[in-house]
Amino acid sequence: MRHFNYCPVCGSRHFAPNSVKSRKCDDCGFEFFINPSSAYVALITDSEGRLLVERRGREPAKGTLDLPGGFADSGETAEEGVAREVLEETGLVVTAAHYLFSIPNTYLYSGLNIPTLDLFFRCEVADTQPLRAGDDAAECLWLSPADLSPADFGLKSISEGVRRWKSLL
């Protein structure tokens, strides 16, 4: 909240903390809340039970393992969003998305820790053959559950999500 010094509606400097998660403008009355951004995460397995993982091509946590996913776009459902992210990052077409669980997180973006709520989905894909790394994925890999170490995943919520997923097996 300390980075927000001016009211986004009227531009006033009288934009003061109102609660632990909001600021309010003393001039126009606008109240701004810092709410988490929605993000989607896909858990996709192949016919051999291996999990699709990616190597991050960008910061934060560049070079560590990740799962396909990303931020919500306006106007889409969570199922549409996870399918869009999988297509962008892997070239795979999601045919079904089943909600599993959520994990609150923070994501470092442009120097700010953005609060997120990461929604994890078990996804089915039509075909695993068109697999290719795209968007912010540097590489796509299939790993067996025995070869997965949550510590190899650079983002806190993804590491925890992999741990939870493995406990469901």
# chains A, B, ... in the order shown; residues from 1 in each chain; ligands from 1
>>> residues_around(residues="region 93-109 of chain A", least_positions_apart="5", cutoff="10 Å", atoms="only C-alpha atoms", output="PyMOL selection string")
chain A and resi 36-44+59-61+78-80+82-88+114-128+130-131+155-158+160-161+164-165
>>> residues_around(residues="region 8-16 of chain A", least_positions_apart="2", cutoff="9 Å", atoms="only C-alpha atoms", output="PyMOL selection string")
chain A and resi 4-6+18+22-28+30-32
>>> write_last_selection(atoms="all heavy atoms", output="CSV table (one decimal), in the first residue's frame")
chain,number,residue,atom,x,y,z
A,4,PHE,N,1.2,3.5,-3.2
A,4,PHE,CA,0.1,4.2,-3.8
A,4,PHE,C,-0.1,5.5,-3.0
A,4,PHE,O,-0.7,5.5,-1.9
A,4,PHE,CB,-1.2,3.3,-3.7
A,4,PHE,CG,-1.0,2.0,-4.5
A,4,PHE,CD1,-0.6,0.9,-3.9
A,4,PHE,CD2,-1.3,2.0,-5.8
A,4,PHE,CE1,-0.5,-0.3,-4.6
A,4,PHE,CE2,-1.1,0.8,-6.6
A,4,PHE,CZ,-0.7,-0.3,-5.9
A,5,ASN,N,0.4,6.6,-3.6
A,5,ASN,CA,0.3,7.9,-2.9
A,5,ASN,C,-0.7,8.8,-3.4
A,5,ASN,O,-1.0,9.8,-2.7
A,5,ASN,CB,1.7,8.5,-3.0
A,5,ASN,CG,2.8,7.7,-2.3
A,5,ASN,OD1,2.6,7.3,-1.1
A,5,ASN,ND2,3.9,7.5,-2.9
A,6,TYR,N,-1.3,8.6,-4.6
A,6,TYR,CA,-2.2,9.5,-5.2
A,6,TYR,C,-3.5,8.7,-5.5
A,6,TYR,O,-3.5,7.6,-5.9
A,6,TYR,CB,-1.7,10.1,-6.5
A,6,TYR,CG,-0.4,10.9,-6.3
A,6,TYR,CD1,0.8,10.3,-6.4
A,6,TYR,CD2,-0.5,12.2,-6.0
A,6,TYR,CE1,2.0,11.1,-6.2
A,6,TYR,CE2,0.6,13.0,-5.8
A,6,TYR,CZ,1.9,12.4,-5.9
A,6,TYR,OH,3.0,13.2,-5.8
A,18,ASN,N,-6.8,3.5,5.1
A,18,ASN,CA,-8.1,3.5,5.8
A,18,ASN,C,-8.3,2.2,6.6
A,18,ASN,O,-9.0,2.2,7.5
A,18,ASN,CB,-9.2,3.6,4.7
A,18,ASN,CG,-10.5,3.8,5.3
A,18,ASN,OD1,-10.8,4.7,6.0
A,18,ASN,ND2,-11.5,2.9,4.9
A,22,SER,N,-6.8,-1.2,2.6
A,22,SER,CA,-7.3,-0.2,1.8
A,22,SER,C,-6.8,1.2,2.1
A,22,SER,O,-6.2,1.5,3.1
A,22,SER,CB,-8.9,-0.1,1.9
A,22,SER,OG,-9.2,0.5,3.2
A,23,ARG,N,-6.9,2.1,1.1
A,23,ARG,CA,-6.6,3.5,1.2
A,23,ARG,C,-7.9,4.2,0.7
A,23,ARG,O,-8.6,3.8,-0.2
A,23,ARG,CB,-5.5,3.9,0.3
A,23,ARG,CG,-4.1,3.6,0.8
A,23,ARG,CD,-3.0,4.2,0.0
A,23,ARG,NE,-1.7,4.0,0.7
A,23,ARG,CZ,-1.1,5.0,1.3
A,23,ARG,NH1,-1.5,6.2,1.3
A,23,ARG,NH2,0.1,4.7,1.9
A,24,LYS,N,-8.1,5.4,1.3
A,24,LYS,CA,-9.3,6.2,1.0
A,24,LYS,C,-8.9,7.6,0.7
A,24,LYS,O,-8.0,8.2,1.4
A,24,LYS,CB,-10.3,6.1,2.1
A,24,LYS,CG,-11.6,6.7,1.7
A,24,LYS,CD,-12.7,6.4,2.7
A,24,LYS,CE,-14.0,6.9,2.3
A,24,LYS,NZ,-15.1,6.6,3.2
A,25,CYS,N,-9.5,8.2,-0.3
A,25,CYS,CA,-9.2,9.6,-0.7
A,25,CYS,C,-10.1,10.5,0.2
A,25,CYS,O,-11.3,10.4,0.2
A,25,CYS,CB,-9.5,9.8,-2.1
A,25,CYS,SG,-9.2,11.5,-2.7
A,26,ASP,N,-9.4,11.5,0.9
A,26,ASP,CA,-10.1,12.4,1.7
A,26,ASP,C,-10.9,13.5,0.9
A,26,ASP,O,-11.8,14.1,1.4
A,26,ASP,CB,-9.2,13.1,2.7
A,26,ASP,CG,-8.6,12.2,3.7
A,26,ASP,OD1,-9.2,11.2,4.0
A,26,ASP,OD2,-7.5,12.5,4.2
A,27,ASP,N,-10.5,13.6,-0.4
A,27,ASP,CA,-11.1,14.6,-1.2
A,27,ASP,C,-12.4,14.1,-2.0
A,27,ASP,O,-13.4,14.7,-1.9
A,27,ASP,CB,-10.1,15.2,-2.2
A,27,ASP,CG,-9.0,16.0,-1.6
A,27,ASP,OD1,-9.3,16.5,-0.4
A,27,ASP,OD2,-7.9,16.1,-2.1
A,28,CYS,N,-12.3,13.0,-2.6
A,28,CYS,CA,-13.4,12.5,-3.4
A,28,CYS,C,-14.1,11.3,-2.8
A,28,CYS,O,-15.2,10.9,-3.3
A,28,CYS,CB,-13.0,12.1,-4.9
A,28,CYS,SG,-12.0,10.6,-5.1
A,30,PHE,N,-13.1,8.1,-2.8
A,30,PHE,CA,-12.8,6.8,-3.4
A,30,PHE,C,-12.0,5.9,-2.4
A,30,PHE,O,-11.0,6.4,-1.8
A,30,PHE,CB,-12.1,7.0,-4.7
A,30,PHE,CG,-11.6,5.7,-5.3
A,30,PHE,CD1,-12.5,4.8,-5.9
A,30,PHE,CD2,-10.3,5.3,-5.2
A,30,PHE,CE1,-12.1,3.6,-6.4
A,30,PHE,CE2,-9.8,4.1,-5.8
A,30,PHE,CZ,-10.7,3.3,-6.4
A,31,GLU,N,-12.4,4.7,-2.2
A,31,GLU,CA,-11.7,3.7,-1.4
A,31,GLU,C,-11.1,2.6,-2.3
A,31,GLU,O,-11.9,2.0,-3.1
A,31,GLU,CB,-12.5,3.2,-0.3
A,31,GLU,CG,-11.7,2.3,0.7
A,31,GLU,CD,-12.5,1.9,1.9
A,31,GLU,OE1,-13.7,2.1,1.9
A,31,GLU,OE2,-11.9,1.3,2.8
A,32,PHE,N,-9.8,2.4,-2.2
A,32,PHE,CA,-9.1,1.4,-3.0
A,32,PHE,C,-8.7,0.3,-2.1
A,32,PHE,O,-8.0,0.5,-1.1
A,32,PHE,CB,-7.9,2.1,-3.7
A,32,PHE,CG,-7.1,1.1,-4.5
A,32,PHE,CD1,-7.6,0.7,-5.8
A,32,PHE,CD2,-5.8,0.7,-4.1
A,32,PHE,CE1,-6.8,-0.2,-6.5
A,32,PHE,CE2,-5.1,-0.2,-4.9
A,32,PHE,CZ,-5.6,-0.6,-6.1
>>> closest_residue(among="A:Ser74, A:Asn113, A:Ser167, A:Thr64", to="Arg2 (chain A)", atoms="only C-alpha atoms")
A:Asn113
>>> residues_around(residues="Val53 (chain A)", least_positions_apart="4", cutoff="10 Å", atoms="only C-alpha atoms", output="tab-separated table (two decimals) with C-alpha atoms, in the first residue's frame")
chain	number	residue	atom	x	y	z
A	42	ALA	CA	-2.75	-26.71	-14.35
A	43	LEU	CA	-1.85	-30.22	-13.20
A	44	ILE	CA	-1.68	-32.35	-16.35
A	45	THR	CA	-0.62	-35.99	-16.45
A	65	LEU	CA	10.48	-25.71	-12.23
A	66	ASP	CA	6.91	-24.49	-12.56
A	67	LEU	CA	3.49	-25.68	-13.65
A	68	PRO	CA	1.53	-24.25	-16.58
A	90	THR	CA	2.50	-25.59	-23.93
A	137	ALA	CA	8.03	-21.32	-20.32
A	139	GLU	CA	11.13	-25.81	-21.52
A	140	CYS	CA	8.40	-28.43	-20.99
A	141	LEU	CA	9.14	-31.77	-19.31
A	142	TRP	CA	7.21	-34.85	-18.19
A	143	LEU	CA	8.31	-36.04	-14.74
A	148	LEU	CA	9.20	-34.59	-8.37
A	153	PHE	CA	9.70	-25.41	-7.83
>>> closest_residue(among="A:Gly69, A:Pro145, A:Gly29, A:Gly154", to="Asp46 (chain A)", atoms="only C-alpha atoms")
A:Pro145
>>> select_by_dssp(residues="region 1-167 of chain A", states="helix (DSSP H, G or I)", output="VMD selection string")
chain A and resid 78 to 90 145 to 147 150 to 152 156 to 167
>>> atom_distance(atom1="CA of Gly81 (chain A)", atom2="CA of Arg132 (chain A)")
18.8 Å
>>> select_by_dssp(residues="region 8-167 of chain A", states="strand (DSSP E or B)", output="PyMOL selection string")
chain A and resi 15-19+22-25+31-33+37-45+51-56+65-66+69-71+94-109+112-125+137-143+153
>>> write_last_selection(atoms="C-alpha atoms", output="PDB file, in the first residue's frame")
ATOM      1  CA  PHE A  15      -4.995   9.249  -0.296  1.00  0.00           C
ATOM      2  CA  ALA A  16      -4.470   7.810   3.170  1.00  0.00           C
ATOM      3  CA  PRO A  17      -4.545   4.345   4.738  1.00  0.00           C
ATOM      4  CA  ASN A  18      -8.098   3.464   5.760  1.00  0.00           C
ATOM      5  CA  SER A  19      -7.537  -0.132   6.881  1.00  0.00           C
ATOM      6  CA  SER A  22      -7.343  -0.165   1.775  1.00  0.00           C
ATOM      7  CA  ARG A  23      -6.625   3.516   1.167  1.00  0.00           C
ATOM      8  CA  LYS A  24      -9.281   6.184   0.953  1.00  0.00           C
ATOM      9  CA  CYS A  25      -9.235   9.611  -0.666  1.00  0.00           C
ATOM     10  CA  GLU A  31     -11.656   3.749  -1.419  1.00  0.00           C
ATOM     11  CA  PHE A  32      -9.110   1.419  -3.040  1.00  0.00           C
ATOM     12  CA  PHE A  33      -8.743  -2.155  -1.772  1.00  0.00           C
ATOM     13  CA  SER A  37      -5.442 -11.297  -8.231  1.00  0.00           C
ATOM     14  CA  SER A  38      -6.716 -14.655  -9.460  1.00  0.00           C
ATOM     15  CA  ALA A  39      -4.203 -17.012 -11.012  1.00  0.00           C
ATOM     16  CA  TYR A  40      -4.624 -20.478 -12.483  1.00  0.00           C
ATOM     17  CA  VAL A  41      -2.397 -23.535 -12.251  1.00  0.00           C
ATOM     18  CA  ALA A  42      -2.746 -26.715 -14.345  1.00  0.00           C
ATOM     19  CA  LEU A  43      -1.848 -30.218 -13.197  1.00  0.00           C
ATOM     20  CA  ILE A  44      -1.684 -32.355 -16.345  1.00  0.00           C
ATOM     21  CA  THR A  45      -0.615 -35.992 -16.447  1.00  0.00           C
ATOM     22  CA  LEU A  51       3.226 -34.634 -14.553  1.00  0.00           C
ATOM     23  CA  LEU A  52       3.784 -31.874 -17.096  1.00  0.00           C
ATOM     24  CA  VAL A  53       6.198 -29.305 -15.674  1.00  0.00           C
ATOM     25  CA  GLU A  54       7.932 -26.287 -17.144  1.00  0.00           C
ATOM     26  CA  ARG A  55      11.228 -24.557 -16.582  1.00  0.00           C
ATOM     27  CA  ARG A  56      10.639 -20.856 -15.954  1.00  0.00           C
ATOM     28  CA  LEU A  65      10.485 -25.708 -12.233  1.00  0.00           C
ATOM     29  CA  ASP A  66       6.913 -24.488 -12.557  1.00  0.00           C
ATOM     30  CA  GLY A  69      -0.594 -21.313 -15.483  1.00  0.00           C
ATOM     31  CA  GLY A  70      -0.893 -17.597 -15.070  1.00  0.00           C
ATOM     32  CA  PHE A  71      -3.102 -14.648 -14.228  1.00  0.00           C
ATOM     33  CA  VAL A  94      -7.469 -28.564 -22.476  1.00  0.00           C
ATOM     34  CA  THR A  95     -10.656 -30.620 -22.859  1.00  0.00           C
ATOM     35  CA  ALA A  96     -11.651 -30.627 -19.169  1.00  0.00           C
ATOM     36  CA  ALA A  97     -10.583 -28.719 -16.056  1.00  0.00           C
ATOM     37  CA  HIS A  98     -11.488 -29.945 -12.571  1.00  0.00           C
ATOM     38  CA  TYR A  99     -10.919 -27.644  -9.587  1.00  0.00           C
ATOM     39  CA  LEU A 100      -8.755 -29.189  -6.839  1.00  0.00           C
ATOM     40  CA  PHE A 101      -7.736 -26.511  -4.299  1.00  0.00           C
ATOM     41  CA  SER A 102      -6.450 -22.963  -3.865  1.00  0.00           C
ATOM     42  CA  ILE A 103      -3.384 -21.453  -2.206  1.00  0.00           C
ATOM     43  CA  PRO A 104      -2.896 -17.763  -1.320  1.00  0.00           C
ATOM     44  CA  ASN A 105       0.422 -16.411  -2.537  1.00  0.00           C
ATOM     45  CA  THR A 106       2.396 -13.312  -3.457  1.00  0.00           C
ATOM     46  CA  TYR A 107       3.989 -12.780  -6.848  1.00  0.00           C
ATOM     47  CA  LEU A 108       6.825 -10.310  -7.411  1.00  0.00           C
ATOM     48  CA  TYR A 109       5.880  -8.179 -10.427  1.00  0.00           C
ATOM     49  CA  LEU A 112       5.805  -5.092  -6.108  1.00  0.00           C
ATOM     50  CA  ASN A 113       4.618  -8.171  -4.228  1.00  0.00           C
ATOM     51  CA  ILE A 114       1.169  -8.715  -5.703  1.00  0.00           C
ATOM     52  CA  PRO A 115      -1.201 -10.810  -3.550  1.00  0.00           C
ATOM     53  CA  THR A 116      -2.653 -13.691  -5.553  1.00  0.00           C
ATOM     54  CA  LEU A 117      -5.088 -16.536  -5.039  1.00  0.00           C
ATOM     55  CA  ASP A 118      -3.787 -19.474  -7.063  1.00  0.00           C
ATOM     56  CA  LEU A 119      -6.511 -21.902  -8.211  1.00  0.00           C
ATOM     57  CA  PHE A 120      -5.229 -25.409  -8.985  1.00  0.00           C
ATOM     58  CA  PHE A 121      -6.969 -27.559 -11.601  1.00  0.00           C
ATOM     59  CA  ARG A 122      -6.499 -31.147 -12.747  1.00  0.00           C
ATOM     60  CA  CYS A 123      -6.645 -30.724 -16.515  1.00  0.00           C
ATOM     61  CA  GLU A 124      -7.204 -33.208 -19.293  1.00  0.00           C
ATOM     62  CA  VAL A 125      -5.775 -32.536 -22.750  1.00  0.00           C
ATOM     63  CA  ALA A 137       8.033 -21.322 -20.320  1.00  0.00           C
ATOM     64  CA  ALA A 138      11.608 -22.037 -21.424  1.00  0.00           C
ATOM     65  CA  GLU A 139      11.133 -25.811 -21.516  1.00  0.00           C
ATOM     66  CA  CYS A 140       8.403 -28.432 -20.986  1.00  0.00           C
ATOM     67  CA  LEU A 141       9.137 -31.769 -19.310  1.00  0.00           C
ATOM     68  CA  TRP A 142       7.207 -34.846 -18.189  1.00  0.00           C
ATOM     69  CA  LEU A 143       8.310 -36.044 -14.738  1.00  0.00           C
ATOM     70  CA  PHE A 153       9.700 -25.411  -7.835  1.00  0.00           C
TER      71      PHE A 153
END
>>> decode(residues="region 5-97 of chain A", atoms="C-alpha atoms", output="PDB file, in the first residue's frame")
ATOM      1  CA  ASN A   5       0.348   7.877  -2.864  1.00  0.00           C
ATOM      2  CA  TYR A   6      -2.219   9.485  -5.183  1.00  0.00           C
ATOM      3  CA  CYS A   7      -5.910   8.832  -5.624  1.00  0.00           C
ATOM      4  CA  PRO A   8      -6.433   7.045  -8.981  1.00  0.00           C
ATOM      5  CA  VAL A   9      -9.775   8.844  -9.445  1.00  0.00           C
ATOM      6  CA  CYS A  10      -9.022  12.510  -8.709  1.00  0.00           C
ATOM      7  CA  GLY A  11      -5.213  12.563  -8.332  1.00  0.00           C
ATOM      8  CA  SER A  12      -5.295  13.945  -4.794  1.00  0.00           C
ATOM      9  CA  ARG A  13      -2.332  13.415  -2.446  1.00  0.00           C
ATOM     10  CA  HIS A  14      -4.875  12.996   0.360  1.00  0.00           C
ATOM     11  CA  PHE A  15      -4.995   9.249  -0.296  1.00  0.00           C
ATOM     12  CA  ALA A  16      -4.470   7.810   3.170  1.00  0.00           C
ATOM     13  CA  PRO A  17      -4.545   4.345   4.738  1.00  0.00           C
ATOM     14  CA  ASN A  18      -8.098   3.464   5.760  1.00  0.00           C
ATOM     15  CA  SER A  19      -7.537  -0.132   6.881  1.00  0.00           C
ATOM     16  CA  VAL A  20      -4.797  -2.772   6.566  1.00  0.00           C
ATOM     17  CA  LYS A  21      -5.994  -3.481   3.023  1.00  0.00           C
ATOM     18  CA  SER A  22      -7.343  -0.165   1.775  1.00  0.00           C
ATOM     19  CA  ARG A  23      -6.625   3.516   1.167  1.00  0.00           C
ATOM     20  CA  LYS A  24      -9.281   6.184   0.953  1.00  0.00           C
ATOM     21  CA  CYS A  25      -9.235   9.611  -0.666  1.00  0.00           C
ATOM     22  CA  ASP A  26     -10.128  12.413   1.729  1.00  0.00           C
ATOM     23  CA  ASP A  27     -11.129  14.625  -1.230  1.00  0.00           C
ATOM     24  CA  CYS A  28     -13.399  12.464  -3.438  1.00  0.00           C
ATOM     25  CA  GLY A  29     -14.161   9.557  -1.086  1.00  0.00           C
ATOM     26  CA  PHE A  30     -12.838   6.803  -3.368  1.00  0.00           C
ATOM     27  CA  GLU A  31     -11.656   3.749  -1.419  1.00  0.00           C
ATOM     28  CA  PHE A  32      -9.110   1.419  -3.040  1.00  0.00           C
ATOM     29  CA  PHE A  33      -8.743  -2.155  -1.772  1.00  0.00           C
ATOM     30  CA  ILE A  34      -5.725  -4.375  -2.340  1.00  0.00           C
ATOM     31  CA  ASN A  35      -7.433  -7.675  -3.146  1.00  0.00           C
ATOM     32  CA  PRO A  36      -5.673 -10.748  -4.496  1.00  0.00           C
ATOM     33  CA  SER A  37      -5.442 -11.297  -8.231  1.00  0.00           C
ATOM     34  CA  SER A  38      -6.716 -14.655  -9.460  1.00  0.00           C
ATOM     35  CA  ALA A  39      -4.203 -17.012 -11.012  1.00  0.00           C
ATOM     36  CA  TYR A  40      -4.624 -20.478 -12.483  1.00  0.00           C
ATOM     37  CA  VAL A  41      -2.397 -23.535 -12.251  1.00  0.00           C
ATOM     38  CA  ALA A  42      -2.746 -26.715 -14.345  1.00  0.00           C
ATOM     39  CA  LEU A  43      -1.848 -30.218 -13.197  1.00  0.00           C
ATOM     40  CA  ILE A  44      -1.684 -32.355 -16.345  1.00  0.00           C
ATOM     41  CA  THR A  45      -0.615 -35.992 -16.447  1.00  0.00           C
ATOM     42  CA  ASP A  46       0.126 -38.158 -19.452  1.00  0.00           C
ATOM     43  CA  SER A  47      -0.887 -41.801 -20.036  1.00  0.00           C
ATOM     44  CA  GLU A  48       2.135 -42.925 -17.977  1.00  0.00           C
ATOM     45  CA  GLY A  49       1.100 -40.810 -14.953  1.00  0.00           C
ATOM     46  CA  ARG A  50       3.911 -38.280 -15.416  1.00  0.00           C
ATOM     47  CA  LEU A  51       3.226 -34.634 -14.553  1.00  0.00           C
ATOM     48  CA  LEU A  52       3.784 -31.874 -17.096  1.00  0.00           C
ATOM     49  CA  VAL A  53       6.198 -29.305 -15.674  1.00  0.00           C
ATOM     50  CA  GLU A  54       7.932 -26.287 -17.144  1.00  0.00           C
ATOM     51  CA  ARG A  55      11.228 -24.557 -16.582  1.00  0.00           C
ATOM     52  CA  ARG A  56      10.639 -20.856 -15.954  1.00  0.00           C
ATOM     53  CA  GLY A  57      12.084 -18.625 -18.649  1.00  0.00           C
ATOM     54  CA  ARG A  58      11.555 -15.350 -16.745  1.00  0.00           C
ATOM     55  CA  GLU A  59      11.873 -13.893 -13.282  1.00  0.00           C
ATOM     56  CA  PRO A  60      10.738 -14.403 -10.655  1.00  0.00           C
ATOM     57  CA  ALA A  61      12.432 -17.767 -10.046  1.00  0.00           C
ATOM     58  CA  LYS A  62      13.861 -18.005 -13.580  1.00  0.00           C
ATOM     59  CA  GLY A  63      15.328 -21.460 -14.281  1.00  0.00           C
ATOM     60  CA  THR A  64      13.326 -23.285 -11.603  1.00  0.00           C
ATOM     61  CA  LEU A  65      10.485 -25.708 -12.233  1.00  0.00           C
ATOM     62  CA  ASP A  66       6.913 -24.488 -12.557  1.00  0.00           C
ATOM     63  CA  LEU A  67       3.490 -25.685 -13.649  1.00  0.00           C
ATOM     64  CA  PRO A  68       1.527 -24.251 -16.575  1.00  0.00           C
ATOM     65  CA  GLY A  69      -0.594 -21.313 -15.483  1.00  0.00           C
ATOM     66  CA  GLY A  70      -0.893 -17.597 -15.070  1.00  0.00           C
ATOM     67  CA  PHE A  71      -3.102 -14.648 -14.228  1.00  0.00           C
ATOM     68  CA  ALA A  72      -6.812 -14.331 -14.896  1.00  0.00           C
ATOM     69  CA  ASP A  73      -8.067 -12.162 -17.737  1.00  0.00           C
ATOM     70  CA  SER A  74     -11.241 -10.097 -17.375  1.00  0.00           C
ATOM     71  CA  GLY A  75     -14.363 -11.741 -18.706  1.00  0.00           C
ATOM     72  CA  GLU A  76     -13.187 -15.353 -18.576  1.00  0.00           C
ATOM     73  CA  THR A  77     -14.164 -18.200 -16.302  1.00  0.00           C
ATOM     74  CA  ALA A  78     -11.480 -19.971 -14.295  1.00  0.00           C
ATOM     75  CA  GLU A  79     -11.827 -23.002 -16.592  1.00  0.00           C
ATOM     76  CA  GLU A  80     -11.408 -20.836 -19.706  1.00  0.00           C
ATOM     77  CA  GLY A  81      -8.431 -19.095 -18.112  1.00  0.00           C
ATOM     78  CA  VAL A  82      -6.533 -22.240 -17.184  1.00  0.00           C
ATOM     79  CA  ALA A  83      -7.174 -23.619 -20.693  1.00  0.00           C
ATOM     80  CA  ARG A  84      -5.875 -20.369 -22.249  1.00  0.00           C
ATOM     81  CA  GLU A  85      -2.731 -20.412 -20.116  1.00  0.00           C
ATOM     82  CA  VAL A  86      -2.017 -24.077 -20.951  1.00  0.00           C
ATOM     83  CA  LEU A  87      -2.409 -23.365 -24.670  1.00  0.00           C
ATOM     84  CA  GLU A  88      -0.130 -20.291 -24.501  1.00  0.00           C
ATOM     85  CA  GLU A  89       2.615 -22.044 -22.536  1.00  0.00           C
ATOM     86  CA  THR A  90       2.496 -25.592 -23.925  1.00  0.00           C
ATOM     87  CA  GLY A  91       0.468 -25.671 -27.149  1.00  0.00           C
ATOM     88  CA  LEU A  92      -1.856 -28.275 -25.570  1.00  0.00           C
ATOM     89  CA  VAL A  93      -5.654 -28.030 -25.779  1.00  0.00           C
ATOM     90  CA  VAL A  94      -7.469 -28.564 -22.476  1.00  0.00           C
ATOM     91  CA  THR A  95     -10.656 -30.620 -22.859  1.00  0.00           C
ATOM     92  CA  ALA A  96     -11.651 -30.627 -19.169  1.00  0.00           C
ATOM     93  CA  ALA A  97     -10.583 -28.719 -16.056  1.00  0.00           C
TER      94      ALA A  97
END
